[in-house]
file structure30.pdb (PDB, C-alpha atoms and all ligand atoms)
ATOM      1  CA  MET A 652     -14.605 -16.130   2.562
ATOM      2  CA  LYS A 653     -10.996 -14.889   2.594
ATOM      3  CA  TYR A 654     -10.641 -11.155   3.151
ATOM      4  CA  ALA A 655      -7.946  -8.732   1.997
ATOM      5  CA  LEU A 656      -7.734  -5.015   2.759
ATOM      6  CA  VAL A 657      -5.971  -2.714   0.313
ATOM      7  CA  THR A 658      -5.510   0.842   1.547
ATOM      8  CA  GLY A 659      -5.762   3.292  -1.318
ATOM      9  CA  GLY A 660      -7.195   0.406  -3.298
ATOM     10  CA  SER A 661      -9.298   2.535  -5.612
ATOM     11  CA  ARG A 662      -6.778   4.074  -7.996
ATOM     12  CA  GLY A 663      -3.339   3.485  -9.527
ATOM     13  CA  ILE A 664      -1.193   0.771  -7.973
ATOM     14  CA  GLY A 665      -3.796   0.020  -5.289
ATOM     15  CA  LYS A 666      -6.471  -0.559  -7.916
ATOM     16  CA  ALA A 667      -4.286  -3.073  -9.765
ATOM     17  CA  ILE A 668      -3.565  -4.809  -6.443
ATOM     18  CA  SER A 669      -7.278  -4.951  -5.556
ATOM     19  CA  ILE A 670      -8.037  -6.545  -8.928
ATOM     20  CA  LYS A 671      -5.160  -9.018  -8.581
ATOM     21  CA  LEU A 672      -6.224 -10.135  -5.080
ATOM     22  CA  ALA A 673      -9.836 -10.497  -6.233
ATOM     23  CA  GLU A 674      -8.601 -12.719  -9.095
ATOM     24  CA  MET A 675      -6.829 -14.806  -6.443
ATOM     25  CA  GLY A 676     -10.170 -15.368  -4.727
ATOM     26  CA  TYR A 677     -10.081 -12.707  -2.050
ATOM     27  CA  PHE A 678     -13.074 -10.601  -1.080
ATOM     28  CA  VAL A 679     -11.357  -7.237  -1.289
ATOM     29  CA  LEU A 680     -12.028  -4.337   1.050
ATOM     30  CA  ILE A 681     -11.191  -1.374  -1.156
ATOM     31  CA  ASN A 682     -10.146   1.519   1.023
ATOM     32  CA  PHE A 683     -10.169   5.051  -0.384
ATOM     33  CA  ASN A 684     -10.333   8.553   1.008
ATOM     34  CA  ALA A 685     -12.207  11.052  -1.142
ATOM     35  CA  ASN A 686     -12.859   9.816  -4.647
ATOM     36  CA  THR A 687     -15.959   7.593  -4.434
ATOM     37  CA  THR A 688     -16.497   7.342  -8.196
ATOM     38  CA  ASP A 689     -13.061   5.833  -8.799
ATOM     39  CA  ALA A 690     -13.593   3.426  -5.918
ATOM     40  CA  GLU A 691     -16.961   2.346  -7.342
ATOM     41  CA  ASN A 692     -15.409   1.872 -10.777
ATOM     42  CA  THR A 693     -12.740  -0.380  -9.290
ATOM     43  CA  LEU A 694     -15.360  -2.482  -7.497
ATOM     44  CA  ASN A 695     -17.411  -2.753 -10.700
ATOM     45  CA  GLU A 696     -14.336  -3.891 -12.615
ATOM     46  CA  ILE A 697     -13.691  -6.570  -9.992
ATOM     47  CA  ARG A 698     -17.299  -7.776 -10.202
ATOM     48  CA  THR A 699     -17.219  -7.815 -14.010
ATOM     49  CA  LYS A 700     -14.221 -10.136 -13.806
ATOM     50  CA  GLY A 701     -16.136 -12.450 -11.472
ATOM     51  CA  GLY A 702     -14.630 -11.332  -8.161
ATOM     52  CA  ASP A 703     -16.155  -9.447  -5.251
ATOM     53  CA  GLY A 704     -15.403  -6.818  -2.659
ATOM     54  CA  GLU A 705     -16.768  -3.735  -0.960
ATOM     55  CA  LEU A 706     -15.838  -0.103  -0.521
ATOM     56  CA  PHE A 707     -14.222   0.805   2.776
ATOM     57  CA  GLN A 708     -13.848   4.547   3.197
ATOM     58  CA  PHE A 709     -11.486   6.030   5.775
ATOM     59  CA  ASP A 710      -8.635   8.505   5.821
ATOM     60  CA  VAL A 711      -5.441   6.602   6.647
ATOM     61  CA  SER A 712      -3.920   9.758   8.108
ATOM     62  CA  ASP A 713      -6.648   9.881  10.786
ATOM     63  CA  PRO A 714      -6.118   7.313  13.581
ATOM     64  CA  GLU A 715      -9.603   7.843  15.047
ATOM     65  CA  MET A 716     -11.289   7.231  11.684
ATOM     66  CA  ILE A 717      -9.187   4.103  11.096
ATOM     67  CA  LYS A 718     -10.202   2.715  14.490
ATOM     68  CA  ILE A 719     -13.904   3.366  13.966
ATOM     69  CA  ALA A 720     -13.870   1.834  10.464
ATOM     70  CA  ILE A 721     -11.826  -1.284  11.233
ATOM     71  CA  GLU A 722     -13.342  -2.030  14.635
ATOM     72  CA  GLY A 723     -16.767  -1.470  13.063
ATOM     73  CA  TRP A 724     -15.997  -4.059  10.376
ATOM     74  CA  GLN A 725     -14.658  -6.490  12.959
ATOM     75  CA  ALA A 726     -17.800  -6.099  15.123
ATOM     76  CA  LYS A 727     -19.977  -6.897  12.106
ATOM     77  CA  HIS A 728     -17.852  -9.936  11.166
ATOM     78  CA  PRO A 729     -17.096 -11.632  14.504
ATOM     79  CA  ASP A 730     -16.234 -14.978  12.888
ATOM     80  CA  GLU A 731     -14.140 -13.625  10.042
ATOM     81  CA  HIS A 732     -10.844 -11.801   9.748
ATOM     82  CA  ILE A 733      -8.695  -9.980   7.253
ATOM     83  CA  GLU A 734      -5.721 -12.198   6.398
ATOM     84  CA  VAL A 735      -4.016 -10.016   3.777
ATOM     85  CA  LEU A 736      -3.252  -6.364   4.417
ATOM     86  CA  VAL A 737      -1.679  -4.184   1.742
ATOM     87  CA  ASN A 738      -0.602  -0.825   3.140
ATOM     88  CA  ASN A 739      -0.600   1.023  -0.169
ATOM     89  CA  ALA A 740      -2.282   4.412   0.378
ATOM     90  CA  GLY A 741       0.242   7.178   0.077
ATOM     91  CA  THR A 742       0.794  10.746  -0.888
ATOM     92  CA  SER A 743       3.684  13.031  -1.727
ATOM     93  CA  LYS A 744       4.192  16.761  -1.421
ATOM     94  CA  ASP A 745       7.547  17.629  -2.894
ATOM     95  CA  MET A 746       9.594  20.677  -1.950
ATOM     96  CA  LEU A 747      13.222  21.320  -1.115
ATOM     97  CA  MET A 748      13.507  21.013   2.638
ATOM     98  CA  ILE A 749      14.646  24.595   3.101
ATOM     99  CA  TRP A 750      11.215  25.739   1.884
ATOM    100  CA  MET A 751       9.078  22.855   3.112
ATOM    101  CA  ASP A 752       5.986  23.741   5.132
ATOM    102  CA  GLU A 753       5.691  21.941   8.461
ATOM    103  CA  LYS A 754       2.193  20.782   7.469
ATOM    104  CA  ASP A 755       3.554  19.112   4.316
ATOM    105  CA  TRP A 756       6.120  17.281   6.419
ATOM    106  CA  THR A 757       3.481  16.149   8.924
ATOM    107  CA  ASN A 758       0.824  15.157   6.388
ATOM    108  CA  VAL A 759       3.209  13.034   4.326
ATOM    109  CA  ILE A 760       4.522  11.290   7.455
ATOM    110  CA  ARG A 761       0.991  10.673   8.749
ATOM    111  CA  THR A 762      -0.349   9.325   5.459
ATOM    112  CA  ASN A 763       2.609   7.138   4.505
ATOM    113  CA  LEU A 764       4.166   6.104   7.829
ATOM    114  CA  ASP A 765       1.788   6.566  10.777
ATOM    115  CA  SER A 766      -0.980   4.846   8.780
ATOM    116  CA  PHE A 767       1.155   1.696   8.697
ATOM    117  CA  PHE A 768       1.116   1.592  12.516
ATOM    118  CA  TYR A 769      -2.546   2.374  13.059
ATOM    119  CA  VAL A 770      -4.004   0.097  10.384
ATOM    120  CA  THR A 771      -1.633  -2.837  10.909
ATOM    121  CA  GLN A 772      -1.930  -2.892  14.697
ATOM    122  CA  LEU A 773      -5.705  -3.331  14.505
ATOM    123  CA  LEU A 774      -5.419  -6.367  12.197
ATOM    124  CA  LEU A 775      -2.427  -8.075  13.800
ATOM    125  CA  LYS A 776      -4.223  -9.840  16.653
ATOM    126  CA  ASP A 777      -6.499 -11.851  14.337
ATOM    127  CA  MET A 778      -3.571 -12.819  12.096
ATOM    128  CA  LEU A 779      -1.577 -14.036  15.112
ATOM    129  CA  ILE A 780      -4.508 -16.007  16.556
ATOM    130  CA  ASN A 781      -5.155 -17.624  13.162
ATOM    131  CA  LYS A 782      -1.444 -18.293  12.599
ATOM    132  CA  PHE A 783      -1.555 -16.912   9.094
ATOM    133  CA  GLY A 784      -1.225 -13.456   7.697
ATOM    134  CA  ARG A 785       0.370 -11.455   4.931
ATOM    135  CA  ILE A 786       1.309  -7.818   5.385
ATOM    136  CA  ILE A 787       2.669  -6.068   2.316
ATOM    137  CA  ASN A 788       3.795  -2.467   2.444
ATOM    138  CA  VAL A 789       4.111  -0.346  -0.672
ATOM    139  CA  VAL A 790       7.188   1.811  -0.132
ATOM    140  CA  SER A 791       9.349   3.515  -2.753
ATOM    141  CA  LEU A 792      12.752   3.882  -4.305
ATOM    142  CA  SER A 793      12.772   7.232  -2.449
ATOM    143  CA  GLY A 794      12.784   5.371   0.864
ATOM    144  CA  ILE A 795      15.816   3.346  -0.179
ATOM    145  CA  LYS A 796      18.120   5.891  -1.791
ATOM    146  CA  GLY A 797      16.459   9.189  -0.776
ATOM    147  CA  LEU A 798      15.435  11.653  -3.460
ATOM    148  CA  PRO A 799      16.038  15.412  -3.408
ATOM    149  CA  GLY A 800      12.813  17.381  -2.973
ATOM    150  CA  GLN A 801      11.327  14.463  -1.056
ATOM    151  CA  THR A 802      12.811  14.541   2.454
ATOM    152  CA  ASN A 803       9.311  14.052   3.888
ATOM    153  CA  TYR A 804       8.352  11.203   1.527
ATOM    154  CA  SER A 805      11.798   9.541   1.685
ATOM    155  CA  ALA A 806      11.729   9.651   5.502
ATOM    156  CA  ALA A 807       8.219   8.186   5.625
ATOM    157  CA  LYS A 808       8.987   5.342   3.216
ATOM    158  CA  ALA A 809      12.343   4.587   4.884
ATOM    159  CA  GLY A 810      10.435   4.448   8.169
ATOM    160  CA  VAL A 811       8.049   1.852   6.771
ATOM    161  CA  ILE A 812      11.011  -0.191   5.502
ATOM    162  CA  GLY A 813      12.509  -0.246   9.020
ATOM    163  CA  ALA A 814       9.145  -1.187  10.515
ATOM    164  CA  THR A 815       8.711  -3.971   7.908
ATOM    165  CA  LYS A 816      12.013  -5.564   8.937
ATOM    166  CA  ALA A 817      11.343  -5.184  12.671
ATOM    167  CA  LEU A 818       7.757  -6.466  12.618
ATOM    168  CA  ALA A 819       8.777  -9.430  10.430
ATOM    169  CA  GLN A 820      11.074 -10.567  13.251
ATOM    170  CA  GLU A 821       8.406 -10.061  15.911
ATOM    171  CA  ILE A 822       5.728 -12.219  14.295
ATOM    172  CA  GLY A 823       7.474 -14.736  12.037
ATOM    173  CA  LYS A 824       6.881 -17.524  14.569
ATOM    174  CA  LYS A 825       3.148 -17.085  14.083
ATOM    175  CA  ASN A 826       3.408 -17.621  10.316
ATOM    176  CA  VAL A 827       2.613 -13.997   9.558
ATOM    177  CA  THR A 828       4.977 -12.491   6.984
ATOM    178  CA  VAL A 829       5.736  -8.812   6.490
ATOM    179  CA  ASN A 830       7.320  -7.610   3.269
ATOM    180  CA  ALA A 831       7.574  -4.448   1.196
ATOM    181  CA  VAL A 832       7.654  -3.604  -2.480
ATOM    182  CA  ALA A 833       9.556  -0.533  -3.606
ATOM    183  CA  PRO A 834       8.354   0.808  -6.960
ATOM    184  CA  GLY A 835      10.371   3.252  -9.013
ATOM    185  CA  PHE A 836       8.398   5.305 -11.558
ATOM    186  CA  ILE A 837       4.975   3.735 -12.160
ATOM    187  CA  ARG A 838       2.365   5.248 -14.476
ATOM    188  CA  THR A 839      -0.405   6.546 -12.149
ATOM    189  CA  ASP A 840      -2.019   9.844 -11.161
ATOM    190  CA  MET A 841       0.907  10.390  -8.776
ATOM    191  CA  THR A 842       3.398  10.539 -11.659
ATOM    192  CA  LYS A 843       1.165  11.978 -14.407
ATOM    193  CA  ASP A 844       2.818  15.417 -14.283
ATOM    194  CA  LEU A 845       6.355  14.035 -14.578
ATOM    195  CA  ASP A 846       8.276  14.199 -17.845
ATOM    196  CA  GLU A 847       8.328  10.488 -18.694
ATOM    197  CA  LYS A 848      10.193  11.050 -21.960
ATOM    198  CA  GLU A 849      13.079  12.661 -20.127
ATOM    199  CA  LEU A 850      13.036  10.492 -16.992
ATOM    200  CA  LYS A 851      12.914   7.186 -18.826
ATOM    201  CA  LYS A 852      16.428   7.850 -20.136
ATOM    202  CA  MET A 853      17.674   7.034 -16.606
ATOM    203  CA  ILE A 854      15.780   3.745 -16.448
ATOM    204  CA  PRO A 855      17.572   0.674 -17.857
ATOM    205  CA  LEU A 856      14.268  -0.797 -19.095
ATOM    206  CA  ASN A 857      13.623   2.580 -20.773
ATOM    207  CA  ARG A 858      10.024   3.139 -19.612
ATOM    208  CA  PHE A 859       7.831   3.777 -16.589
ATOM    209  CA  GLY A 860       6.298   0.678 -15.026
ATOM    210  CA  MET A 861       2.611  -0.236 -15.042
ATOM    211  CA  PRO A 862       0.529  -0.691 -11.856
ATOM    212  CA  GLU A 863      -0.133  -4.317 -12.864
ATOM    213  CA  GLU A 864       3.622  -5.019 -12.764
ATOM    214  CA  VAL A 865       3.624  -4.035  -9.087
ATOM    215  CA  ALA A 866       0.394  -5.931  -8.414
ATOM    216  CA  GLU A 867       1.921  -9.189  -9.717
ATOM    217  CA  VAL A 868       4.653  -9.063  -7.075
ATOM    218  CA  VAL A 869       2.178  -8.114  -4.346
ATOM    219  CA  GLY A 870      -0.010 -11.042  -5.424
ATOM    220  CA  PHE A 871       2.967 -13.370  -5.098
ATOM    221  CA  LEU A 872       3.819 -12.009  -1.631
ATOM    222  CA  ALA A 873       0.177 -12.450  -0.594
ATOM    223  CA  SER A 874       0.125 -16.058  -1.754
ATOM    224  CA  GLU A 875       1.247 -19.292  -0.098
ATOM    225  CA  LYS A 876       4.033 -19.404  -2.697
ATOM    226  CA  SER A 877       5.980 -16.750  -0.769
ATOM    227  CA  SER A 878       5.834 -18.754   2.465
ATOM    228  CA  TYR A 879       9.572 -18.490   3.284
ATOM    229  CA  ILE A 880      10.019 -14.789   2.494
ATOM    230  CA  THR A 881       9.697 -12.211   5.253
ATOM    231  CA  GLY A 882      11.311  -8.884   6.124
ATOM    232  CA  GLU A 883      12.214  -8.308   2.472
ATOM    233  CA  VAL A 884      11.987  -5.245   0.265
ATOM    234  CA  ILE A 885      11.523  -6.073  -3.420
ATOM    235  CA  ASN A 886      12.481  -3.362  -5.892
ATOM    236  CA  ILE A 887      10.213  -2.899  -8.915
ATOM    237  CA  ASN A 888      11.926  -0.119 -10.785
ATOM    238  CA  GLY A 889      13.094  -1.243 -14.235
ATOM    239  CA  GLY A 890      16.668  -1.374 -12.998
ATOM    240  CA  LEU A 891      16.792   2.212 -11.733
ATOM    241  CA  TYR A 892      18.520   1.600  -8.438
ATOM    242  CA  THR A 893      21.349   4.117  -8.261
TER     243      THR A 893
HETATM  244  P1  LIG A 901      -2.380   7.417  -6.688
HETATM  245  O1  LIG A 901      -2.609   7.006  -8.093
HETATM  246  O2  LIG A 901      -2.263   8.834  -6.327
HETATM  247  O3  LIG A 901      -3.529   6.716  -5.794
HETATM  248  C1  LIG A 901      -3.512   6.928  -4.424
HETATM  249  C2  LIG A 901      -4.536   6.045  -3.766
HETATM  250  O4  LIG A 901      -4.407   6.209  -2.347
HETATM  251  C3  LIG A 901      -5.961   6.404  -4.112
HETATM  252  O5  LIG A 901      -6.743   5.229  -4.059
HETATM  253  C4  LIG A 901      -6.338   7.354  -2.986
HETATM  254  O6  LIG A 901      -7.747   7.409  -2.729
HETATM  255  C5  LIG A 901      -5.623   6.719  -1.822
HETATM  256  N1  LIG A 901      -5.333   7.650  -0.747
HETATM  257  C6  LIG A 901      -4.549   8.755  -0.786
HETATM  258  N2  LIG A 901      -4.551   9.367   0.420
HETATM  259  C7  LIG A 901      -5.345   8.612   1.214
HETATM  260  C8  LIG A 901      -5.754   8.727   2.565
HETATM  261  N3  LIG A 901      -5.339   9.736   3.334
HETATM  262  N4  LIG A 901      -6.585   7.781   3.072
HETATM  263  C9  LIG A 901      -7.020   6.755   2.302
HETATM  264  N5  LIG A 901      -6.671   6.604   1.016
HETATM  265  C10 LIG A 901      -5.840   7.519   0.485
HETATM  266  O7  LIG A 901      -1.033   6.745  -6.108
HETATM  267  P2  LIG A 901      -0.152   5.541  -6.673
HETATM  268  O8  LIG A 901       0.822   6.095  -7.598
HETATM  269  O9  LIG A 901      -1.019   4.418  -7.075
HETATM  270  O10 LIG A 901       0.656   5.154  -5.336
HETATM  271  C11 LIG A 901       0.271   4.074  -4.514
HETATM  272  C12 LIG A 901       1.408   3.813  -3.529
HETATM  273  O11 LIG A 901       2.605   3.529  -4.254
HETATM  274  C13 LIG A 901       1.729   4.999  -2.632
HETATM  275  O12 LIG A 901       2.083   4.538  -1.343
HETATM  276  C14 LIG A 901       2.935   5.620  -3.301
HETATM  277  O13 LIG A 901       3.709   6.339  -2.378
HETATM  278  C15 LIG A 901       3.634   4.379  -3.818
HETATM  279  N6  LIG A 901       4.560   4.626  -4.922
HETATM  280  C16 LIG A 901       4.096   5.090  -6.135
HETATM  281  C17 LIG A 901       5.008   5.271  -7.163
HETATM  282  C18 LIG A 901       4.591   5.744  -8.533
HETATM  283  O14 LIG A 901       5.463   5.964  -9.378
HETATM  284  N7  LIG A 901       3.312   5.906  -8.822
HETATM  285  C19 LIG A 901       6.373   5.009  -6.958
HETATM  286  C20 LIG A 901       6.778   4.553  -5.715
HETATM  287  C21 LIG A 901       5.873   4.346  -4.724
HETATM  288  P3  LIG A 901      -8.649   8.697  -3.191
HETATM  289  O15 LIG A 901      -8.847   8.544  -4.663
HETATM  290  O16 LIG A 901      -9.905   8.585  -2.413
HETATM  291  O17 LIG A 901      -7.829   9.894  -2.845
END

call {"tool": "encode", "arguments": {"input": "structure30.pdb", "output": "structure tokens"}}
result
Amino acid sequence: MKYALVTGGSRGIGKAISIKLAEMGYFVLINFNANTTDAENTLNEIRTKGGDGELFQFDVSDPEMIKIAIEGWQAKHPDEHIEVLVNNAGTSKDMLMIWMDEKDWTNVIRTNLDSFFYVTQLLLKDMLINKFGRIINVVSLSGIKGLPGQTNYSAAKAGVIGATKALAQEIGKKNVTVNAVAPGFIRTDMTKDLDEKELKKMIPLNRFGMPEEVAEVVGFLASEKSSYITGEVININGGLYT
């Protein structure tokens, strides 16, 4: 059995990634935080398509909870390991910095950036011992160009981009690759309140992207086909770079 863990794998982009990895033959550990029904629906969809997985609840902003959940899984599966990790769970809380609450700064950094450290560190050892691993971080256009109203989110995603490049250099020799995908506007719950009609005018491809369009690239990065790519950030934004 080959295992993949997708944080925030129950909804939106993470859901599409969970389905994609299951189609590739992975047993998918679908992490979520609060919404059990959506997580169950995702697992059912995977099973209907002939794949398999299980729900894996923990709050990625809580290091203690991450440790208990992942070490618990590892203790129950002493002869198995997770070879694909997709750090996808994320949140945003937009506000101009002058009015931003300290707790909104901290929560966005914890959920999007600190989670990368805590989750990845616990899975690294097995990947290094087994001389194979794929770590894929879902970042954002905001982390590349910075977006007004998102100093917290832009800082967190830019932090993950820096960590992606640094970690890739630390562990390349062990055949573990670390890459990131940077979506622009993708149609999910996170963007459902945005004015797509207005915003799409800025996007060369003239529409928001679909979660499956991100999942395809993540699937490629998780596969053997991406064997000579590491430390990269792939933009998936319909041409909306600047
Ligand atoms: P979404 O539809 O809001 O889904 C978020 C997912 O993350 C859900 O499965 C949610 O689980 C989980 N999650 C949130 N906080 C969590 C926590 N503390 N612990 C564990 N799981 C948590 O978001 P999305 O649009 O798919 O975004 C996925 C990733 O893509 C994020 O990193 C986001 O920053 C990035 N991104 C999105 C866009 C976009 O346009 N949508 C653009 C650029 C980057 P629950 O249901 O249990 O809360």

call {"tool": "atom_distance", "arguments": {"input": "structure30.pdb", "atom1": "atom CA of Ile837 of chain A", "atom2": "atom C16 of ligand LIG 901 (chain A)"}}
result
6.2 Å

call {"tool": "atom_distance", "arguments": {"input": "structure30.pdb", "atom1": "atom CA of Lys825 of chain A", "atom2": "atom CA of Val868 of chain A"}}
result
22.7 Å

call {"tool": "closest_atom_pairs", "arguments": {"input": "structure30.pdb", "of": "chain A", "to": "ligand LIG 901 (chain A)", "cutoff": "8 Å", "atoms": "only C-alpha atoms and all ligand atoms", "output": "Markdown table"}}
result
| residue | atom | partner | partner_atom | distance |
| --- | --- | --- | --- | --- |
| A:Thr658 | CA | A:LIG901 | N5 | 5.9 |
| A:Gly659 | CA | A:LIG901 | O4 | 3.4 |
| A:Gly660 | CA | A:LIG901 | O5 | 4.9 |
| A:Ser661 | CA | A:LIG901 | O5 | 4.0 |
| A:Arg662 | CA | A:LIG901 | O5 | 4.1 |
| A:Gly663 | CA | A:LIG901 | O9 | 3.5 |
| A:Ile664 | CA | A:LIG901 | O9 | 3.8 |
| A:Gly665 | CA | A:LIG901 | O9 | 5.5 |
| A:Lys666 | CA | A:LIG901 | O5 | 7.0 |
| A:Asn682 | CA | A:LIG901 | N5 | 6.2 |
| A:Phe683 | CA | A:LIG901 | N5 | 4.1 |
| A:Asn684 | CA | A:LIG901 | O16 | 3.4 |
| A:Ala685 | CA | A:LIG901 | O16 | 3.6 |
| A:Asn686 | CA | A:LIG901 | O16 | 3.9 |
| A:Thr687 | CA | A:LIG901 | O16 | 6.5 |
| A:Asp689 | CA | A:LIG901 | O15 | 6.5 |
| A:Ala690 | CA | A:LIG901 | O15 | 7.1 |
| A:Gln708 | CA | A:LIG901 | C9 | 7.2 |
| A:Phe709 | CA | A:LIG901 | C9 | 5.7 |
| A:Asp710 | CA | A:LIG901 | N4 | 3.5 |
| A:Val711 | CA | A:LIG901 | N4 | 3.9 |
| A:Ser712 | CA | A:LIG901 | N3 | 5.0 |
| A:Asp713 | CA | A:LIG901 | N3 | 7.6 |
| A:Asn738 | CA | A:LIG901 | O12 | 7.5 |
| A:Asn739 | CA | A:LIG901 | O12 | 4.6 |
| A:Ala740 | CA | A:LIG901 | O4 | 3.9 |
| A:Gly741 | CA | A:LIG901 | O12 | 3.5 |
| A:Thr742 | CA | A:LIG901 | O13 | 5.5 |
| A:Ser743 | CA | A:LIG901 | O13 | 6.7 |
| A:Thr762 | CA | A:LIG901 | N3 | 5.4 |
| A:Asn763 | CA | A:LIG901 | O12 | 6.4 |
| A:Val789 | CA | A:LIG901 | O12 | 5.3 |
| A:Val790 | CA | A:LIG901 | C21 | 5.4 |
| A:Ser791 | CA | A:LIG901 | C20 | 4.1 |
| A:Leu792 | CA | A:LIG901 | C20 | 6.2 |
| A:Ser793 | CA | A:LIG901 | C20 | 7.3 |
| A:Tyr804 | CA | A:LIG901 | O13 | 7.8 |
| A:Lys808 | CA | A:LIG901 | O13 | 7.8 |
| A:Ala833 | CA | A:LIG901 | C20 | 6.2 |
| A:Pro834 | CA | A:LIG901 | C20 | 4.2 |
| A:Gly835 | CA | A:LIG901 | C19 | 4.8 |
| A:Phe836 | CA | A:LIG901 | O14 | 3.7 |
| A:Ile837 | CA | A:LIG901 | O14 | 3.6 |
| A:Arg838 | CA | A:LIG901 | N7 | 5.8 |
| A:Thr839 | CA | A:LIG901 | O1 | 4.6 |
| A:Asp840 | CA | A:LIG901 | O1 | 4.2 |
| A:Met841 | CA | A:LIG901 | O2 | 4.3 |
| A:Thr842 | CA | A:LIG901 | N7 | 5.4 |
| A:Phe859 | CA | A:LIG901 | O14 | 7.9 |
| A:Gly860 | CA | A:LIG901 | O14 | 7.8 |
| A:Pro862 | CA | A:LIG901 | O9 | 7.2 |

call {"tool": "residues_around", "arguments": {"input": "structure30.pdb", "residues": "Glu867 of chain A", "least_positions_apart": "3", "cutoff": "9 Å", "atoms": "only C-alpha atoms", "output": "ChimeraX atom specification"}}
result
/A:667-668,671,862-864,870-872

call {"tool": "resolve_selection", "arguments": {"input": "structure30.pdb", "expression": "the PyMOL selection byres (((chain A and resi 890) around 8) and not hetatm)", "output": "PDB file with C-alpha atoms, in the frame of the given file"}}
result
ATOM      1  CA  ILE A 854      15.780   3.745 -16.448  1.00  0.00           C
ATOM      2  CA  PRO A 855      17.572   0.674 -17.857  1.00  0.00           C
ATOM      3  CA  LEU A 856      14.268  -0.797 -19.095  1.00  0.00           C
ATOM      4  CA  ILE A 887      10.213  -2.899  -8.915  1.00  0.00           C
ATOM      5  CA  ASN A 888      11.926  -0.119 -10.785  1.00  0.00           C
ATOM      6  CA  GLY A 889      13.094  -1.243 -14.235  1.00  0.00           C
ATOM      7  CA  LEU A 891      16.792   2.212 -11.733  1.00  0.00           C
ATOM      8  CA  TYR A 892      18.520   1.600  -8.438  1.00  0.00           C
TER       9      TYR A 892
END

call {"tool": "closest_residue", "arguments": {"input": "structure30.pdb", "among": "A:Gly784, A:Gly882, A:Gly676, A:Gly813", "to": "Glu734 of chain A", "atoms": "only C-alpha atoms"}}
result
A:Gly784

call {"tool": "atom_distance", "arguments": {"input": "structure30.pdb", "atom1": "atom CA of Arg858 of chain A", "atom2": "atom CA of Ala873 of chain A"}}
result
26.5 Å

call {"tool": "residues_around", "arguments": {"input": "structure30.pdb", "residues": "Gln772 of chain A", "least_positions_apart": "4", "cutoff": "12 Å", "atoms": "only C-alpha atoms", "output": "PyMOL selection string"}}
result
chain A and resi 714+717-718+721-722+736+738+765-768+776-779+786+814+818

call {"tool": "resolve_selection", "arguments": {"input": "structure30.pdb", "expression": "the PyMOL selection byres (((chain A and resi 745) around 6) and not hetatm)", "output": "PyMOL selection string"}}
result
chain A and resi 744+746+800-801

call {"tool": "residues_around", "arguments": {"input": "structure30.pdb", "residues": "Val679 of chain A", "least_positions_apart": "5", "cutoff": "8 Å", "atoms": "only C-alpha atoms", "output": "list in words"}}
result
Tyr654, Ala655, Leu656, Val657, Ser669, Leu672, Ala673, Asp703, Gly704 and Glu705 of chain A

call {"tool": "closest_residue", "arguments": {"input": "structure30.pdb", "among": "A:His728, A:Lys852, A:Lys876, A:Lys700", "to": "Glu674 of chain A", "atoms": "all atoms listed in the file"}}
result
A:Lys700

call {"tool": "closest_residue", "arguments": {"input": "structure30.pdb", "among": "A:Ile885, A:Leu706, A:Ala806, A:Val865", "to": "Val829 of chain A", "atoms": "only C-alpha atoms"}}
result
A:Ile885

call {"tool": "axis_aligned_box", "arguments": {"input": "structure30.pdb", "around": "segment 842-854 of chain A", "padding_each_side": "3 Å", "output": "JSON"}}
result
{"center_x": 9.4, "center_y": 9.6, "center_z": -16.8, "size_x": 22.5, "size_y": 17.7, "size_z": 16.3}

call {"tool": "closest_residue", "arguments": {"input": "structure30.pdb", "among": "A:Glu731, A:Ala720, A:Glu875, A:Gln725", "to": "Met652 of chain A", "atoms": "only C-alpha atoms"}}
result
A:Glu731

call {"tool": "residues_around", "arguments": {"input": "structure30.pdb", "residues": "Ile812 of chain A", "least_positions_apart": "3", "cutoff": "9 Å", "atoms": "all atoms listed in the file", "output": "PyMOL selection string"}}
result
chain A and resi 788+790+794-795+807-809+815-817+830-831+882-884

call {"tool": "write_last_selection", "arguments": {"input": "structure30.pdb", "atoms": "C-alpha atoms", "output": "mmCIF file, keeping the file's coordinate frame"}}
result
data_model
loop_
_atom_site.group_PDB
_atom_site.id
_atom_site.type_symbol
_atom_site.label_atom_id
_atom_site.label_comp_id
_atom_site.auth_asym_id
_atom_site.auth_seq_id
_atom_site.Cartn_x
_atom_site.Cartn_y
_atom_site.Cartn_z
ATOM 1 C CA ASN A 788 3.795 -2.467 2.444
ATOM 2 C CA VAL A 790 7.188 1.811 -0.132
ATOM 3 C CA GLY A 794 12.784 5.371 0.864
ATOM 4 C CA ILE A 795 15.816 3.346 -0.179
ATOM 5 C CA ALA A 807 8.219 8.186 5.625
ATOM 6 C CA LYS A 808 8.987 5.342 3.216
ATOM 7 C CA ALA A 809 12.343 4.587 4.884
ATOM 8 C CA THR A 815 8.711 -3.971 7.908
ATOM 9 C CA LYS A 816 12.013 -5.564 8.937
ATOM 10 C CA ALA A 817 11.343 -5.184 12.671
ATOM 11 C CA ASN A 830 7.320 -7.610 3.269
ATOM 12 C CA ALA A 831 7.574 -4.448 1.196
ATOM 13 C CA GLY A 882 11.311 -8.884 6.124
ATOM 14 C CA GLU A 883 12.214 -8.308 2.472
ATOM 15 C CA VAL A 884 11.987 -5.245 0.265
#
